[in-house]
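Written out below as C-alpha cells is the structure these notes cover.
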Amino acid sequence: MNTKTLLAALVGAITFFLFGWLVYGILLKSFMEENFNHCLNRKPEEMIMWAMVVSNLFFGYLFSLIFSWAKINDFMSGLTKGAFLGLIFSAFIDFQFYAMTTWFNNITSMIIDIVVWVLMCAIGGGVIAYMLGRGNSSESA
C-alpha cells in the first residue's frame, strides 16, 4: 500500500459519494420513492453520515487496490474496467435482493439500479485509474 493508492482511493471515494448523492438523491429521487420499498430506510435527517463516508472509503480503496494490482492506470481503462466491476457487483447484490427481499417494487427498478451502479463505477473507476497513473512517464505521449 502506497500514498498513490491511498490518494486514488480517497478521490474515488469522493467521486462515488458525489455521484450517488447526485443520481440517487437528486436526479432519481422521485423514481426511487415510487419504485423501491423504503420500510427499512432511514429518513434523510437520520442518516449516519460517518458510516456513509466509511463505506465510500472502503469502496474507493477496493477499486484502487484492484486497479493497482492489475496496473490499470489511465482514465479509459479505469472507465471500462470500473463499468465491468460495477456490473458484476451490482448484478450480484441486486439479483439477490430481488430474490430475497421486497426492496425492489419491480424488475425495472432493479435494472435501473444496476445501470446506475455501472455508470457510477465506470466514472469512479476512471477517476481512480487516472489518479493511479498520474506522474507515470507514459503520460507525456
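Every chain in the C-alpha cells takes a letter, A first, then B, and so on in the order presented; its residues are numbered from 1, and the ligands are numbered from 1 following the presented order.
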
Could you name the residues that touch stretch 28-36 of chain A at 10 Å or less, counting only C-alpha atoms, but leaving out those on the same chain fewer than 3 positions away, as a ChimeraX atom specification?
/A:21-25,39,102-110,112-113,116

Mind writing the picked residues with C-alpha atoms as a PDB file, in the first residue's frame?
```
ATOM      1  CA  TRP A  21     -25.834  11.769  -3.995  1.00  0.00           C
ATOM      2  CA  LEU A  22     -26.409  13.404  -7.393  1.00  0.00           C
ATOM      3  CA  VAL A  23     -28.115  10.424  -9.029  1.00  0.00           C
ATOM      4  CA  TYR A  24     -29.979   8.752  -6.162  1.00  0.00           C
ATOM      5  CA  GLY A  25     -30.542  11.821  -4.012  1.00  0.00           C
ATOM      6  CA  CYS A  39     -39.764   0.482   5.045  1.00  0.00           C
ATOM      7  CA  THR A 102     -39.198  -6.698  -1.169  1.00  0.00           C
ATOM      8  CA  TRP A 103     -36.813  -3.770  -1.599  1.00  0.00           C
ATOM      9  CA  PHE A 104     -37.390  -3.536  -5.367  1.00  0.00           C
ATOM     10  CA  ASN A 105     -41.059  -2.985  -6.229  1.00  0.00           C
ATOM     11  CA  ASN A 106     -40.488  -4.311  -9.756  1.00  0.00           C
ATOM     12  CA  ILE A 107     -37.769  -5.677 -12.005  1.00  0.00           C
ATOM     13  CA  THR A 108     -37.434  -2.330 -13.794  1.00  0.00           C
ATOM     14  CA  SER A 109     -36.252  -0.680 -10.588  1.00  0.00           C
ATOM     15  CA  MET A 110     -33.637  -3.406 -10.181  1.00  0.00           C
ATOM     16  CA  ILE A 112     -32.228   0.864 -13.291  1.00  0.00           C
ATOM     17  CA  ASP A 113     -30.234   0.350 -10.097  1.00  0.00           C
ATOM     18  CA  VAL A 116     -26.737   3.448 -12.177  1.00  0.00           C
TER      19      VAL A 116
END
```

So that I can check the surroundings of A:Ala83, please list as a list in words every protein, DNA and RNA residue that reaches within 12 Å of it, counting only C-alpha atoms and ignoring chain neighbours fewer than 6 positions away.
Phe63, Phe75, Met76, Ser77, Phe89, Ser90, Ala91, Ile114, Val115, Val116, Trp117, Val118, Leu119, Met120, Cys121, Ala122, Ile123, Gly124, Gly125 and Gly126 of chain A

Serialized selection, C-alpha atoms, as a PDB file, in the first residue's frame:
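Written file, selection_34.pdb:
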```
ATOM      1  CA  PHE A  63     -11.144  -0.267  -6.659  1.00  0.00           C
ATOM      2  CA  PHE A  75      -8.894   7.001 -17.354  1.00  0.00           C
ATOM      3  CA  MET A  76     -10.338   4.958 -20.243  1.00  0.00           C
ATOM      4  CA  SER A  77      -9.078   1.628 -18.883  1.00  0.00           C
ATOM      5  CA  PHE A  89     -21.036  -6.227  -8.179  1.00  0.00           C
ATOM      6  CA  SER A  90     -24.478  -4.685  -8.664  1.00  0.00           C
ATOM      7  CA  ALA A  91     -25.943  -7.666 -10.510  1.00  0.00           C
ATOM      8  CA  ILE A 114     -27.771  -1.892 -11.940  1.00  0.00           C
ATOM      9  CA  VAL A 115     -27.396   0.691 -14.725  1.00  0.00           C
ATOM     10  CA  VAL A 116     -26.737   3.448 -12.177  1.00  0.00           C
ATOM     11  CA  TRP A 117     -24.126   1.301 -10.429  1.00  0.00           C
ATOM     12  CA  VAL A 118     -22.419   0.544 -13.748  1.00  0.00           C
ATOM     13  CA  LEU A 119     -22.240   4.273 -14.525  1.00  0.00           C
ATOM     14  CA  MET A 120     -21.078   5.172 -11.025  1.00  0.00           C
ATOM     15  CA  CYS A 121     -18.380   2.502 -11.041  1.00  0.00           C
ATOM     16  CA  ALA A 122     -17.284   3.478 -14.551  1.00  0.00           C
ATOM     17  CA  ILE A 123     -16.795   7.124 -13.587  1.00  0.00           C
ATOM     18  CA  GLY A 124     -15.277   6.281 -10.214  1.00  0.00           C
ATOM     19  CA  GLY A 125     -13.055   3.677 -11.848  1.00  0.00           C
ATOM     20  CA  GLY A 126     -11.885   6.159 -14.457  1.00  0.00           C
TER      21      GLY A 126
END
```

Using only C-alpha atoms, the best pick from A:Ile66, A:Asn2, A:Ile93, A:Met52 as closest to A:Lys81 would be A:Ile66

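In this structure, atom CA of A:Phe17 sits 7.6 Å away from atom CA of A:Val53.
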
Rank nothing, just name the residue among A:Gln96, A:Thr5, A:Asn56, A:Thr101 nearest to A:Leu18, using only C-alpha atoms.
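Selected residue with least distance to A:Leu18: A:Asn56.
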
Secondary structure check, alpha helix (DSSP H) residues of chain A, as a ChimeraX atom specification
/A:3-20,29-35,49-70,75-100,107-133

Go ahead and save the residues from that selection, with C-alpha atoms, as a CSV table (one decimal), in the first residue's frame.
```csv
chain,number,residue,atom,x,y,z
A,3,THR,CA,0.5,7.0,-1.0
A,4,LYS,CA,-0.7,7.0,-4.6
A,5,THR,CA,-3.0,4.1,-3.9
A,6,LEU,CA,-4.5,5.8,-0.8
A,7,LEU,CA,-4.9,9.1,-2.6
A,8,ALA,CA,-6.6,7.4,-5.5
A,9,ALA,CA,-8.9,5.6,-3.0
A,10,LEU,CA,-9.8,8.9,-1.4
A,11,VAL,CA,-10.5,10.7,-4.6
A,12,GLY,CA,-12.5,7.6,-5.8
A,13,ALA,CA,-14.5,7.6,-2.5
A,14,ILE,CA,-15.4,11.3,-3.0
A,15,THR,CA,-16.4,10.5,-6.6
A,16,PHE,CA,-18.6,7.6,-5.6
A,17,PHE,CA,-20.2,9.6,-2.8
A,18,LEU,CA,-21.0,12.7,-5.0
A,19,PHE,CA,-22.2,10.5,-7.9
A,20,GLY,CA,-24.5,8.6,-5.6
A,29,LYS,CA,-35.3,10.8,-6.1
A,30,SER,CA,-39.0,10.6,-7.3
A,31,PHE,CA,-38.2,7.3,-9.2
A,32,MET,CA,-36.7,5.9,-6.0
A,33,GLU,CA,-39.7,6.9,-3.9
A,34,GLU,CA,-42.1,5.2,-6.4
A,35,ASN,CA,-40.2,2.1,-7.2
A,49,MET,CA,-23.1,10.2,7.6
A,50,TRP,CA,-19.9,8.9,9.1
A,51,ALA,CA,-20.9,5.4,8.1
A,52,MET,CA,-21.7,6.5,4.6
A,53,VAL,CA,-18.2,8.1,4.4
A,54,VAL,CA,-16.5,4.9,5.7
A,55,SER,CA,-18.5,2.8,3.2
A,56,ASN,CA,-17.3,5.0,0.3
A,57,LEU,CA,-13.7,5.0,1.5
A,58,PHE,CA,-13.7,1.2,1.6
A,59,PHE,CA,-15.3,1.0,-1.9
A,60,GLY,CA,-12.7,3.5,-3.3
A,61,TYR,CA,-9.9,1.5,-1.6
A,62,LEU,CA,-11.3,-1.7,-3.1
A,63,PHE,CA,-11.1,-0.3,-6.7
A,64,SER,CA,-7.8,1.4,-6.0
A,65,LEU,CA,-6.3,-1.8,-4.8
A,66,ILE,CA,-7.6,-3.9,-7.7
A,67,PHE,CA,-6.5,-1.3,-10.2
A,68,SER,CA,-3.1,-1.0,-8.6
A,69,TRP,CA,-2.6,-4.8,-8.7
A,70,ALA,CA,-3.9,-5.0,-12.3
A,75,PHE,CA,-8.9,7.0,-17.4
A,76,MET,CA,-10.3,5.0,-20.2
A,77,SER,CA,-9.1,1.6,-18.9
A,78,GLY,CA,-10.5,2.5,-15.5
A,79,LEU,CA,-13.8,3.6,-17.0
A,80,THR,CA,-14.2,0.2,-18.8
A,81,LYS,CA,-12.9,-2.0,-16.0
A,82,GLY,CA,-14.9,0.0,-13.5
A,83,ALA,CA,-18.1,-0.4,-15.5
A,84,PHE,CA,-17.4,-4.2,-15.6
A,85,LEU,CA,-16.8,-4.4,-11.9
A,86,GLY,CA,-19.9,-2.3,-11.3
A,87,LEU,CA,-22.0,-4.7,-13.4
A,88,ILE,CA,-20.7,-7.8,-11.6
A,89,PHE,CA,-21.0,-6.2,-8.2
A,90,SER,CA,-24.5,-4.7,-8.7
A,91,ALA,CA,-25.9,-7.7,-10.5
A,92,PHE,CA,-24.7,-10.0,-7.7
A,93,ILE,CA,-26.3,-7.8,-5.0
A,94,ASP,CA,-29.4,-6.7,-6.8
A,95,PHE,CA,-30.5,-10.1,-8.0
A,96,GLN,CA,-30.1,-11.4,-4.5
A,97,PHE,CA,-32.1,-8.6,-3.1
A,98,TYR,CA,-34.7,-9.1,-5.8
A,99,ALA,CA,-34.9,-12.8,-4.9
A,100,MET,CA,-35.0,-12.5,-1.1
A,107,ILE,CA,-37.8,-5.7,-12.0
A,108,THR,CA,-37.4,-2.3,-13.8
A,109,SER,CA,-36.3,-0.7,-10.6
A,110,MET,CA,-33.6,-3.4,-10.2
A,111,ILE,CA,-32.4,-2.9,-13.7
A,112,ILE,CA,-32.2,0.9,-13.3
A,113,ASP,CA,-30.2,0.4,-10.1
A,114,ILE,CA,-27.8,-1.9,-11.9
A,115,VAL,CA,-27.4,0.7,-14.7
A,116,VAL,CA,-26.7,3.4,-12.2
A,117,TRP,CA,-24.1,1.3,-10.4
A,118,VAL,CA,-22.4,0.5,-13.7
A,119,LEU,CA,-22.2,4.3,-14.5
A,120,MET,CA,-21.1,5.2,-11.0
A,121,CYS,CA,-18.4,2.5,-11.0
A,122,ALA,CA,-17.3,3.5,-14.6
A,123,ILE,CA,-16.8,7.1,-13.6
A,124,GLY,CA,-15.3,6.3,-10.2
A,125,GLY,CA,-13.1,3.7,-11.8
A,126,GLY,CA,-11.9,6.2,-14.5
A,127,VAL,CA,-11.0,8.7,-11.8
A,128,ILE,CA,-9.2,6.2,-9.6
A,129,ALA,CA,-7.2,4.8,-12.6
A,130,TYR,CA,-6.3,8.4,-13.6
A,131,MET,CA,-5.1,9.1,-10.1
A,132,LEU,CA,-3.0,5.9,-10.1
A,133,GLY,CA,-1.4,6.8,-13.4
```

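What separates atom CA of A:Lys43 from atom CA of A:Ile26 is a distance of 14.8 Å.
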